[in-house]
$ cat work24.txt   # compact mmCIF, N, CA and C atoms
# COMPACT_ATOMS: atom_id res chain seq x y z
N MET A 1 16.09 -23.88 -2.67
CA MET A 1 14.94 -23.00 -2.79
C MET A 1 15.29 -21.90 -3.79
N THR A 2 14.43 -21.68 -4.74
CA THR A 2 14.69 -20.67 -5.76
C THR A 2 14.31 -19.29 -5.25
N ASP A 3 14.79 -18.27 -5.97
CA ASP A 3 14.46 -16.90 -5.60
C ASP A 3 12.97 -16.65 -5.71
N GLU A 4 12.33 -17.26 -6.70
CA GLU A 4 10.90 -17.04 -6.89
C GLU A 4 10.08 -17.62 -5.74
N SER A 5 10.52 -18.76 -5.18
CA SER A 5 9.75 -19.35 -4.09
C SER A 5 9.92 -18.56 -2.80
N ARG A 6 11.01 -17.81 -2.67
CA ARG A 6 11.21 -16.97 -1.50
C ARG A 6 10.43 -15.67 -1.58
N GLU A 7 10.05 -15.31 -2.76
CA GLU A 7 9.39 -14.04 -2.99
C GLU A 7 8.01 -14.04 -2.33
N SER A 8 7.66 -12.95 -1.70
CA SER A 8 6.34 -12.87 -1.05
C SER A 8 5.25 -12.82 -2.11
N THR A 9 4.05 -13.17 -1.69
CA THR A 9 2.93 -13.14 -2.64
C THR A 9 2.64 -11.72 -3.09
N THR A 10 2.89 -10.74 -2.23
CA THR A 10 2.67 -9.35 -2.61
C THR A 10 3.64 -8.93 -3.70
N ALA A 11 4.89 -9.29 -3.54
CA ALA A 11 5.88 -8.96 -4.56
C ALA A 11 5.56 -9.68 -5.86
N ALA A 12 5.08 -10.92 -5.75
CA ALA A 12 4.71 -11.66 -6.95
C ALA A 12 3.52 -11.00 -7.64
N ALA A 13 2.56 -10.51 -6.85
CA ALA A 13 1.40 -9.82 -7.44
C ALA A 13 1.84 -8.53 -8.12
N ALA A 14 2.78 -7.81 -7.50
CA ALA A 14 3.28 -6.58 -8.11
C ALA A 14 4.02 -6.90 -9.41
N ARG A 15 4.76 -8.01 -9.43
CA ARG A 15 5.47 -8.41 -10.64
C ARG A 15 4.48 -8.77 -11.75
N ARG A 16 3.42 -9.51 -11.40
CA ARG A 16 2.39 -9.84 -12.40
C ARG A 16 1.71 -8.59 -12.91
N TYR A 17 1.48 -7.63 -12.01
CA TYR A 17 0.85 -6.38 -12.42
C TYR A 17 1.74 -5.64 -13.41
N ARG A 18 3.04 -5.55 -13.11
CA ARG A 18 3.97 -4.88 -14.02
C ARG A 18 4.03 -5.59 -15.36
N ALA A 19 4.01 -6.93 -15.35
CA ALA A 19 4.06 -7.69 -16.60
C ALA A 19 2.82 -7.44 -17.44
N ALA A 20 1.67 -7.33 -16.79
CA ALA A 20 0.43 -7.09 -17.52
C ALA A 20 0.41 -5.68 -18.11
N LYS A 21 1.05 -4.74 -17.43
CA LYS A 21 1.07 -3.35 -17.89
C LYS A 21 2.31 -3.03 -18.71
N ALA A 22 3.13 -4.05 -19.02
CA ALA A 22 4.38 -3.81 -19.75
C ALA A 22 4.08 -3.23 -21.12
N PRO A 23 4.95 -2.34 -21.58
CA PRO A 23 4.72 -1.75 -22.90
C PRO A 23 4.98 -2.75 -24.02
N ALA A 24 4.43 -2.46 -25.18
CA ALA A 24 4.69 -3.31 -26.34
C ALA A 24 6.15 -3.20 -26.72
N ALA A 25 6.63 -4.15 -27.50
CA ALA A 25 8.04 -4.14 -27.91
C ALA A 25 8.36 -2.85 -28.64
N GLY A 26 9.43 -2.22 -28.23
CA GLY A 26 9.86 -0.99 -28.87
C GLY A 26 9.17 0.26 -28.33
N ALA A 27 8.33 0.11 -27.31
CA ALA A 27 7.60 1.27 -26.78
C ALA A 27 8.41 2.01 -25.73
N GLY A 28 9.55 1.51 -25.35
CA GLY A 28 10.36 2.18 -24.36
C GLY A 28 10.66 1.25 -23.21
N ALA A 29 11.75 1.49 -22.54
CA ALA A 29 12.17 0.57 -21.49
C ALA A 29 11.39 0.76 -20.19
N ARG A 30 10.98 1.99 -19.90
CA ARG A 30 10.35 2.23 -18.60
C ARG A 30 8.86 1.99 -18.60
N GLY A 31 8.20 1.99 -19.71
CA GLY A 31 6.77 1.76 -19.73
C GLY A 31 6.01 3.02 -19.38
N ASP A 32 4.77 2.84 -19.05
CA ASP A 32 3.89 3.96 -18.69
C ASP A 32 4.33 4.52 -17.34
N PRO A 33 4.69 5.80 -17.26
CA PRO A 33 5.16 6.37 -15.99
C PRO A 33 4.13 6.27 -14.87
N ALA A 34 2.87 6.19 -15.19
CA ALA A 34 1.84 6.13 -14.15
C ALA A 34 1.81 4.76 -13.47
N THR A 35 2.35 3.73 -14.09
CA THR A 35 2.27 2.39 -13.52
C THR A 35 3.61 1.84 -13.08
N VAL A 36 4.69 2.57 -13.23
CA VAL A 36 6.01 2.09 -12.86
C VAL A 36 6.37 2.70 -11.50
N PHE A 37 6.72 1.82 -10.56
CA PHE A 37 7.12 2.28 -9.24
C PHE A 37 8.62 2.03 -9.05
N GLN A 38 9.23 2.84 -8.24
CA GLN A 38 10.61 2.61 -7.87
C GLN A 38 10.68 1.36 -6.99
N ARG A 39 11.84 0.75 -6.95
CA ARG A 39 12.02 -0.47 -6.16
C ARG A 39 11.68 -0.25 -4.69
N ARG A 40 12.11 0.88 -4.13
CA ARG A 40 11.85 1.15 -2.71
C ARG A 40 10.36 1.36 -2.45
N THR A 41 9.64 1.94 -3.40
CA THR A 41 8.20 2.12 -3.24
C THR A 41 7.53 0.76 -3.22
N GLU A 42 7.92 -0.13 -4.12
CA GLU A 42 7.35 -1.48 -4.13
C GLU A 42 7.64 -2.20 -2.83
N GLU A 43 8.85 -2.05 -2.31
CA GLU A 43 9.20 -2.69 -1.04
C GLU A 43 8.36 -2.14 0.10
N ALA A 44 8.17 -0.83 0.13
CA ALA A 44 7.37 -0.21 1.19
C ALA A 44 5.91 -0.65 1.09
N TYR A 45 5.36 -0.69 -0.13
CA TYR A 45 3.98 -1.14 -0.31
C TYR A 45 3.83 -2.59 0.14
N ALA A 46 4.78 -3.45 -0.23
CA ALA A 46 4.73 -4.85 0.19
C ALA A 46 4.77 -4.96 1.72
N HIS A 47 5.57 -4.12 2.35
CA HIS A 47 5.66 -4.10 3.81
C HIS A 47 4.32 -3.76 4.43
N TRP A 48 3.68 -2.69 3.95
CA TRP A 48 2.40 -2.26 4.53
C TRP A 48 1.28 -3.26 4.25
N ILE A 49 1.30 -3.88 3.10
CA ILE A 49 0.29 -4.89 2.79
C ILE A 49 0.48 -6.10 3.70
N ARG A 50 1.73 -6.50 3.91
CA ARG A 50 2.02 -7.61 4.82
C ARG A 50 1.55 -7.30 6.24
N ARG A 51 1.82 -6.07 6.70
CA ARG A 51 1.38 -5.70 8.06
C ARG A 51 -0.14 -5.69 8.17
N PHE A 52 -0.82 -5.25 7.10
CA PHE A 52 -2.28 -5.25 7.10
C PHE A 52 -2.81 -6.68 7.19
N VAL A 53 -2.20 -7.60 6.45
CA VAL A 53 -2.65 -9.00 6.48
C VAL A 53 -2.43 -9.59 7.87
N PHE A 54 -1.29 -9.33 8.49
CA PHE A 54 -1.03 -9.86 9.83
C PHE A 54 -1.97 -9.22 10.85
N TYR A 55 -2.23 -7.93 10.71
CA TYR A 55 -3.16 -7.25 11.62
C TYR A 55 -4.56 -7.85 11.52
N SER A 56 -4.93 -8.29 10.32
CA SER A 56 -6.27 -8.82 10.07
C SER A 56 -6.37 -10.31 10.36
N GLY A 57 -5.42 -10.86 11.05
CA GLY A 57 -5.48 -12.26 11.42
C GLY A 57 -5.12 -13.20 10.28
N ARG A 58 -4.24 -12.75 9.38
CA ARG A 58 -3.74 -13.52 8.25
C ARG A 58 -4.85 -13.95 7.29
N ARG A 59 -5.87 -13.13 7.20
CA ARG A 59 -6.93 -13.40 6.23
C ARG A 59 -6.56 -12.75 4.90
N HIS A 60 -7.08 -13.33 3.82
CA HIS A 60 -6.76 -12.80 2.50
C HIS A 60 -7.42 -11.43 2.33
N PRO A 61 -6.72 -10.45 1.76
CA PRO A 61 -7.29 -9.11 1.60
C PRO A 61 -8.57 -9.08 0.77
N ALA A 62 -8.77 -10.05 -0.12
CA ALA A 62 -10.00 -10.07 -0.92
C ALA A 62 -11.23 -10.29 -0.05
N SER A 63 -11.04 -10.96 1.09
CA SER A 63 -12.17 -11.20 1.98
C SER A 63 -12.38 -10.06 2.96
N LEU A 64 -11.51 -9.06 2.93
CA LEU A 64 -11.62 -7.92 3.83
C LEU A 64 -12.16 -6.73 3.06
N GLY A 65 -12.62 -5.72 3.78
CA GLY A 65 -13.18 -4.56 3.10
C GLY A 65 -12.83 -3.26 3.78
N GLU A 66 -13.70 -2.28 3.58
CA GLU A 66 -13.45 -0.92 4.08
C GLU A 66 -13.35 -0.88 5.60
N VAL A 67 -14.15 -1.69 6.28
CA VAL A 67 -14.15 -1.68 7.75
C VAL A 67 -12.78 -2.09 8.28
N GLU A 68 -12.21 -3.15 7.72
CA GLU A 68 -10.91 -3.62 8.19
C GLU A 68 -9.78 -2.66 7.83
N VAL A 69 -9.87 -2.05 6.64
CA VAL A 69 -8.85 -1.08 6.23
C VAL A 69 -8.89 0.12 7.17
N THR A 70 -10.11 0.61 7.47
CA THR A 70 -10.26 1.74 8.39
C THR A 70 -9.74 1.39 9.78
N ALA A 71 -10.05 0.19 10.25
CA ALA A 71 -9.59 -0.24 11.57
C ALA A 71 -8.06 -0.29 11.62
N PHE A 72 -7.44 -0.78 10.56
CA PHE A 72 -5.97 -0.86 10.52
C PHE A 72 -5.35 0.53 10.53
N LEU A 73 -5.88 1.43 9.71
CA LEU A 73 -5.32 2.78 9.64
C LEU A 73 -5.56 3.54 10.94
N ASN A 74 -6.71 3.33 11.58
CA ASN A 74 -6.96 3.94 12.89
C ASN A 74 -6.01 3.38 13.95
N HIS A 75 -5.73 2.08 13.86
CA HIS A 75 -4.78 1.45 14.78
C HIS A 75 -3.40 2.10 14.64
N LEU A 76 -2.99 2.36 13.39
CA LEU A 76 -1.69 3.01 13.18
C LEU A 76 -1.66 4.40 13.80
N ALA A 77 -2.74 5.16 13.63
CA ALA A 77 -2.77 6.54 14.12
C ALA A 77 -2.90 6.60 15.63
N ALA A 78 -3.80 5.82 16.20
CA ALA A 78 -4.12 5.94 17.62
C ALA A 78 -3.19 5.14 18.52
N GLU A 79 -2.98 3.87 18.19
CA GLU A 79 -2.21 3.01 19.09
C GLU A 79 -0.73 2.99 18.77
N ARG A 80 -0.39 2.96 17.48
CA ARG A 80 1.02 2.94 17.10
C ARG A 80 1.61 4.34 17.02
N ARG A 81 0.75 5.35 16.96
CA ARG A 81 1.15 6.75 16.94
C ARG A 81 2.18 7.05 15.84
N VAL A 82 1.86 6.60 14.63
CA VAL A 82 2.77 6.84 13.51
C VAL A 82 2.59 8.26 13.00
N ALA A 83 3.56 8.72 12.24
CA ALA A 83 3.49 10.05 11.64
C ALA A 83 2.41 10.06 10.55
N ALA A 84 1.95 11.26 10.24
CA ALA A 84 0.91 11.40 9.22
C ALA A 84 1.40 10.87 7.87
N SER A 85 2.64 11.12 7.52
CA SER A 85 3.16 10.64 6.24
C SER A 85 3.24 9.11 6.21
N THR A 86 3.50 8.50 7.35
CA THR A 86 3.53 7.04 7.43
C THR A 86 2.14 6.46 7.21
N GLN A 87 1.14 7.08 7.85
CA GLN A 87 -0.23 6.61 7.65
C GLN A 87 -0.66 6.81 6.20
N ASN A 88 -0.25 7.91 5.59
CA ASN A 88 -0.58 8.16 4.18
C ASN A 88 0.06 7.12 3.27
N GLN A 89 1.28 6.71 3.59
CA GLN A 89 1.95 5.69 2.78
C GLN A 89 1.22 4.35 2.92
N ALA A 90 0.81 4.00 4.13
CA ALA A 90 0.05 2.76 4.34
C ALA A 90 -1.27 2.81 3.59
N LEU A 91 -1.94 3.96 3.62
CA LEU A 91 -3.20 4.12 2.89
C LEU A 91 -2.97 3.96 1.39
N SER A 92 -1.92 4.57 0.85
CA SER A 92 -1.62 4.44 -0.57
C SER A 92 -1.34 3.00 -0.96
N ALA A 93 -0.61 2.28 -0.10
CA ALA A 93 -0.31 0.87 -0.38
C ALA A 93 -1.59 0.04 -0.42
N LEU A 94 -2.49 0.28 0.51
CA LEU A 94 -3.73 -0.49 0.54
C LEU A 94 -4.66 -0.12 -0.62
N LEU A 95 -4.68 1.15 -0.99
CA LEU A 95 -5.48 1.54 -2.14
C LEU A 95 -4.93 0.90 -3.42
N PHE A 96 -3.60 0.84 -3.53
CA PHE A 96 -2.99 0.16 -4.67
C PHE A 96 -3.37 -1.31 -4.69
N LEU A 97 -3.29 -1.97 -3.54
CA LEU A 97 -3.62 -3.39 -3.44
C LEU A 97 -5.04 -3.65 -3.93
N TYR A 98 -5.99 -2.88 -3.41
CA TYR A 98 -7.38 -3.15 -3.76
C TYR A 98 -7.71 -2.74 -5.18
N LYS A 99 -7.20 -1.61 -5.64
CA LYS A 99 -7.58 -1.13 -6.96
C LYS A 99 -6.83 -1.85 -8.08
N GLU A 100 -5.53 -1.96 -7.98
CA GLU A 100 -4.71 -2.48 -9.07
C GLU A 100 -4.49 -3.98 -9.03
N VAL A 101 -4.32 -4.54 -7.84
CA VAL A 101 -4.02 -5.97 -7.75
C VAL A 101 -5.30 -6.80 -7.68
N LEU A 102 -6.23 -6.40 -6.78
CA LEU A 102 -7.46 -7.17 -6.62
C LEU A 102 -8.57 -6.70 -7.55
N GLY A 103 -8.39 -5.53 -8.17
CA GLY A 103 -9.39 -5.03 -9.10
C GLY A 103 -10.70 -4.65 -8.44
N ARG A 104 -10.62 -4.11 -7.24
CA ARG A 104 -11.81 -3.76 -6.47
C ARG A 104 -11.65 -2.36 -5.90
N GLU A 105 -12.65 -1.53 -6.12
CA GLU A 105 -12.62 -0.17 -5.58
C GLU A 105 -13.05 -0.19 -4.12
N LEU A 106 -12.36 0.57 -3.30
CA LEU A 106 -12.80 0.75 -1.92
C LEU A 106 -13.67 2.00 -1.85
N ALA A 107 -14.78 1.90 -1.17
CA ALA A 107 -15.59 3.09 -0.93
C ALA A 107 -14.78 4.01 -0.02
N TRP A 108 -15.17 5.28 0.02
CA TRP A 108 -14.42 6.21 0.85
C TRP A 108 -14.42 5.72 2.28
N LEU A 109 -13.32 5.85 2.97
CA LEU A 109 -13.13 5.31 4.30
C LEU A 109 -13.68 6.29 5.34
N ASP A 110 -14.96 6.17 5.64
CA ASP A 110 -15.57 7.01 6.66
C ASP A 110 -15.06 6.59 8.03
N GLY A 111 -14.92 7.54 8.91
CA GLY A 111 -14.46 7.25 10.26
C GLY A 111 -12.97 7.06 10.37
N LEU A 112 -12.24 7.45 9.35
CA LEU A 112 -10.79 7.31 9.38
C LEU A 112 -10.19 8.38 10.28
N GLN A 113 -9.46 7.94 11.28
CA GLN A 113 -8.79 8.87 12.20
C GLN A 113 -7.43 9.18 11.61
N ARG A 114 -7.22 10.43 11.25
CA ARG A 114 -5.97 10.81 10.62
C ARG A 114 -4.92 11.10 11.68
N ALA A 115 -3.70 10.68 11.40
CA ALA A 115 -2.58 11.02 12.27
C ALA A 115 -2.35 12.52 12.15
N THR A 116 -2.01 13.14 13.25
CA THR A 116 -1.83 14.59 13.23
C THR A 116 -0.38 14.94 12.93
N ARG A 117 -0.23 15.97 12.18
CA ARG A 117 1.11 16.46 11.88
C ARG A 117 1.53 17.37 13.04
N PRO A 118 2.81 17.36 13.39
CA PRO A 118 3.25 18.25 14.46
C PRO A 118 3.12 19.70 14.03
N PRO A 119 2.84 20.59 14.97
CA PRO A 119 2.72 22.00 14.58
C PRO A 119 4.06 22.54 14.09
N ARG A 120 3.96 23.43 13.12
CA ARG A 120 5.19 24.03 12.61
C ARG A 120 5.70 25.04 13.61
N PRO A 121 7.01 25.11 13.81
CA PRO A 121 7.54 26.09 14.76
C PRO A 121 7.35 27.52 14.22
N CYS A 122 7.15 28.40 15.13
CA CYS A 122 6.98 29.82 14.76
C CYS A 122 8.34 30.38 14.40
N ARG A 123 8.39 31.06 13.28
CA ARG A 123 9.67 31.62 12.84
C ARG A 123 10.06 32.85 13.63
N TRP A 124 9.10 33.53 14.24
CA TRP A 124 9.39 34.80 14.91
C TRP A 124 9.33 34.71 16.42
N CYS A 125 9.04 33.53 16.95
CA CYS A 125 8.93 33.40 18.41
C CYS A 125 10.27 33.14 19.05
$ encode --input "work24.txt" --output "structure tokens"
Amino acid sequence: MTDESRESTTAAAARRYRAAKAPAAGAGARGDPATVFQRRTEEAYAHWIRRFVFYSGRRHPASLGEVEVTAFLNHLAAERRVAASTQNQALSALLFLYKEVLGRELAWLDGLQRATRPPRPCRWC
């Protein structure tokens, strides 16, 4: 089995996206800073996209929409009780998937239950 066949479809989509956005020859090694992600960011995005697909009953994300994305993010906040930054990372991954990979804008996610941040401790108490 080759490395490419082991690669997830999300990672393959991210690789195709990077190849499409690659700079012209001699334009620099890193490319456009707005479209280049660190390896760990790509891994995290692939993780959240995979979890979204499994949560949605293994349906293709192109067949899903705002309702399913909102349900997944609400599930993370209410049932899984994730931190606010974790929910924000999952939201960013899904927005990247729909906008950059699938080429589809998501309407604003009405009814999104945001994870709450813990209160900051009082410095003088």
$ residues_around --input "work24.txt" --residues "Glu68 of chain A" --least-positions-apart "6" --cutoff "8 Å" --atoms "all atoms listed in the file" --output "short mmCIF file (atom, residue, chain, number, x, y, z; two decimals) with N, CA and C atoms, keeping the file's coordinate frame"
data_model
loop_
_atom_site.label_atom_id
_atom_site.label_comp_id
_atom_site.auth_asym_id
_atom_site.auth_seq_id
_atom_site.Cartn_x
_atom_site.Cartn_y
_atom_site.Cartn_z
N PHE A 52 -0.82 -5.25 7.10
CA PHE A 52 -2.28 -5.25 7.10
C PHE A 52 -2.81 -6.68 7.19
N SER A 56 -4.93 -8.29 10.32
CA SER A 56 -6.27 -8.82 10.07
C SER A 56 -6.37 -10.31 10.36
N ASN A 74 -6.71 3.33 11.58
CA ASN A 74 -6.96 3.94 12.89
C ASN A 74 -6.01 3.38 13.95
#
$ closest_residue --input "work24.txt" --among "A:Gly111, A:Gly65, A:Leu102, A:Thr116" --to "Gln87 of chain A" --atoms "only C-alpha atoms"
A:Thr116
$ closest_residue --input "work24.txt" --among "A:Arg114, A:Glu43, A:Arg50, A:Phe37" --to "Ala83 of chain A" --atoms "all atoms listed in the file"
A:Arg114
$ residues_around --input "work24.txt" --residues "Leu73 of chain A" --least-positions-apart "6" --cutoff "12 Å" --atoms "only C-alpha atoms" --output "PDB file with N, CA and C atoms, in the coordinates of the input"
ATOM      1  N   TRP A  48       3.680  -2.690   3.950  1.00  0.00           N
ATOM      2  CA  TRP A  48       2.400  -2.260   4.530  1.00  0.00           C
ATOM      3  C   TRP A  48       1.280  -3.260   4.250  1.00  0.00           C
ATOM      4  N   ILE A  49       1.300  -3.880   3.100  1.00  0.00           N
ATOM      5  CA  ILE A  49       0.290  -4.890   2.790  1.00  0.00           C
ATOM      6  C   ILE A  49       0.480  -6.100   3.700  1.00  0.00           C
ATOM      7  N   ARG A  51       1.820  -6.070   6.700  1.00  0.00           N
ATOM      8  CA  ARG A  51       1.380  -5.700   8.060  1.00  0.00           C
ATOM      9  C   ARG A  51      -0.140  -5.690   8.170  1.00  0.00           C
ATOM     10  N   PHE A  52      -0.820  -5.250   7.100  1.00  0.00           N
ATOM     11  CA  PHE A  52      -2.280  -5.250   7.100  1.00  0.00           C
ATOM     12  C   PHE A  52      -2.810  -6.680   7.190  1.00  0.00           C
ATOM     13  N   TYR A  55      -2.230  -7.930  10.710  1.00  0.00           N
ATOM     14  CA  TYR A  55      -3.160  -7.250  11.620  1.00  0.00           C
ATOM     15  C   TYR A  55      -4.560  -7.850  11.520  1.00  0.00           C
ATOM     16  N   SER A  56      -4.930  -8.290  10.320  1.00  0.00           N
ATOM     17  CA  SER A  56      -6.270  -8.820  10.070  1.00  0.00           C
ATOM     18  C   SER A  56      -6.370 -10.310  10.360  1.00  0.00           C
ATOM     19  N   GLU A  66     -13.700  -2.280   3.580  1.00  0.00           N
ATOM     20  CA  GLU A  66     -13.450  -0.920   4.080  1.00  0.00           C
ATOM     21  C   GLU A  66     -13.350  -0.880   5.600  1.00  0.00           C
ATOM     22  N   VAL A  67     -14.150  -1.690   6.280  1.00  0.00           N
ATOM     23  CA  VAL A  67     -14.150  -1.680   7.750  1.00  0.00           C
ATOM     24  C   VAL A  67     -12.780  -2.090   8.280  1.00  0.00           C
ATOM     25  N   GLU A  79      -2.980   3.870  18.190  1.00  0.00           N
ATOM     26  CA  GLU A  79      -2.210   3.010  19.090  1.00  0.00           C
ATOM     27  C   GLU A  79      -0.730   2.990  18.770  1.00  0.00           C
ATOM     28  N   ARG A  80      -0.390   2.960  17.480  1.00  0.00           N
ATOM     29  CA  ARG A  80       1.020   2.940  17.100  1.00  0.00           C
ATOM     30  C   ARG A  80       1.610   4.340  17.020  1.00  0.00           C
ATOM     31  N   ARG A  81       0.750   5.350  16.960  1.00  0.00           N
ATOM     32  CA  ARG A  81       1.150   6.750  16.940  1.00  0.00           C
ATOM     33  C   ARG A  81       2.180   7.050  15.840  1.00  0.00           C
ATOM     34  N   VAL A  82       1.860   6.600  14.630  1.00  0.00           N
ATOM     35  CA  VAL A  82       2.770   6.840  13.510  1.00  0.00           C
ATOM     36  C   VAL A  82       2.590   8.260  13.000  1.00  0.00           C
ATOM     37  N   ALA A  83       3.560   8.720  12.240  1.00  0.00           N
ATOM     38  CA  ALA A  83       3.490  10.050  11.640  1.00  0.00           C
ATOM     39  C   ALA A  83       2.410  10.060  10.550  1.00  0.00           C
ATOM     40  N   ALA A  84       1.950  11.260  10.240  1.00  0.00           N
ATOM     41  CA  ALA A  84       0.910  11.400   9.220  1.00  0.00           C
ATOM     42  C   ALA A  84       1.400  10.870   7.870  1.00  0.00           C
ATOM     43  N   THR A  86       3.500   8.500   7.350  1.00  0.00           N
ATOM     44  CA  THR A  86       3.530   7.040   7.430  1.00  0.00           C
ATOM     45  C   THR A  86       2.140   6.460   7.210  1.00  0.00           C
ATOM     46  N   GLN A  87       1.140   7.080   7.850  1.00  0.00           N
ATOM     47  CA  GLN A  87      -0.230   6.610   7.650  1.00  0.00           C
ATOM     48  C   GLN A  87      -0.660   6.810   6.200  1.00  0.00           C
ATOM     49  N   ASN A  88      -0.250   7.910   5.590  1.00  0.00           N
ATOM     50  CA  ASN A  88      -0.580   8.160   4.180  1.00  0.00           C
ATOM     51  C   ASN A  88       0.060   7.120   3.270  1.00  0.00           C
ATOM     52  N   GLN A  89       1.280   6.710   3.590  1.00  0.00           N
ATOM     53  CA  GLN A  89       1.950   5.690   2.780  1.00  0.00           C
ATOM     54  C   GLN A  89       1.220   4.350   2.920  1.00  0.00           C
ATOM     55  N   ALA A  90       0.810   4.000   4.130  1.00  0.00           N
ATOM     56  CA  ALA A  90       0.050   2.760   4.340  1.00  0.00           C
ATOM     57  C   ALA A  90      -1.270   2.810   3.590  1.00  0.00           C
ATOM     58  N   LEU A  91      -1.940   3.960   3.620  1.00  0.00           N
ATOM     59  CA  LEU A  91      -3.200   4.120   2.890  1.00  0.00           C
ATOM     60  C   LEU A  91      -2.970   3.960   1.390  1.00  0.00           C
ATOM     61  N   SER A  92      -1.920   4.570   0.850  1.00  0.00           N
ATOM     62  CA  SER A  92      -1.620   4.440  -0.570  1.00  0.00           C
ATOM     63  C   SER A  92      -1.340   3.000  -0.960  1.00  0.00           C
ATOM     64  N   ALA A  93      -0.610   2.280  -0.100  1.00  0.00           N
ATOM     65  CA  ALA A  93      -0.310   0.870  -0.380  1.00  0.00           C
ATOM     66  C   ALA A  93      -1.590   0.040  -0.420  1.00  0.00           C
ATOM     67  N   LEU A  94      -2.490   0.280   0.510  1.00  0.00           N
ATOM     68  CA  LEU A  94      -3.730  -0.490   0.540  1.00  0.00           C
ATOM     69  C   LEU A  94      -4.660  -0.120  -0.620  1.00  0.00           C
ATOM     70  N   LEU A  95      -4.680   1.150  -0.990  1.00  0.00           N
ATOM     71  CA  LEU A  95      -5.480   1.540  -2.140  1.00  0.00           C
ATOM     72  C   LEU A  95      -4.930   0.900  -3.420  1.00  0.00           C
ATOM     73  N   LEU A 109     -13.320   5.850   2.970  1.00  0.00           N
ATOM     74  CA  LEU A 109     -13.130   5.310   4.300  1.00  0.00           C
ATOM     75  C   LEU A 109     -13.680   6.290   5.340  1.00  0.00           C
ATOM     76  N   ASP A 110     -14.960   6.170   5.640  1.00  0.00           N
ATOM     77  CA  ASP A 110     -15.570   7.010   6.660  1.00  0.00           C
ATOM     78  C   ASP A 110     -15.060   6.590   8.030  1.00  0.00           C
ATOM     79  N   GLY A 111     -14.920   7.540   8.910  1.00  0.00           N
ATOM     80  CA  GLY A 111     -14.460   7.250  10.260  1.00  0.00           C
ATOM     81  C   GLY A 111     -12.970   7.060  10.370  1.00  0.00           C
ATOM     82  N   LEU A 112     -12.240   7.450   9.350  1.00  0.00           N
ATOM     83  CA  LEU A 112     -10.790   7.310   9.380  1.00  0.00           C
ATOM     84  C   LEU A 112     -10.190   8.380  10.280  1.00  0.00           C
ATOM     85  N   GLN A 113      -9.460   7.940  11.280  1.00  0.00           N
ATOM     86  CA  GLN A 113      -8.790   8.870  12.200  1.00  0.00           C
ATOM     87  C   GLN A 113      -7.430   9.180  11.610  1.00  0.00           C
ATOM     88  N   ARG A 114      -7.220  10.430  11.250  1.00  0.00           N
ATOM     89  CA  ARG A 114      -5.970  10.810  10.620  1.00  0.00           C
ATOM     90  C   ARG A 114      -4.920  11.100  11.680  1.00  0.00           C
ATOM     91  N   ALA A 115      -3.700  10.680  11.400  1.00  0.00           N
ATOM     92  CA  ALA A 115      -2.580  11.020  12.270  1.00  0.00           C
ATOM     93  C   ALA A 115      -2.350  12.520  12.150  1.00  0.00           C
TER      94      ALA A 115
END
$ atom_distance --input "work24.txt" --atom1 "atom C of Arg39 of chain A" --atom2 "atom CA of Ser85 of chain A"
17.6 Å
$ atom_distance --input "work24.txt" --atom1 "atom CA of Ser63 of chain A" --atom2 "atom CA of Leu106 of chain A"
12.6 Å
$ atom_distance --input "work24.txt" --atom1 "atom N of Leu64 of chain A" --atom2 "atom N of Thr41 of chain A"
24.7 Å
$ select_by_dssp --input "work24.txt" --residues "segment 47-109 of chain A" --states "alpha helix (DSSP H)" --output "PyMOL selection string"
chain A and resi 47-55+66-78+84-96
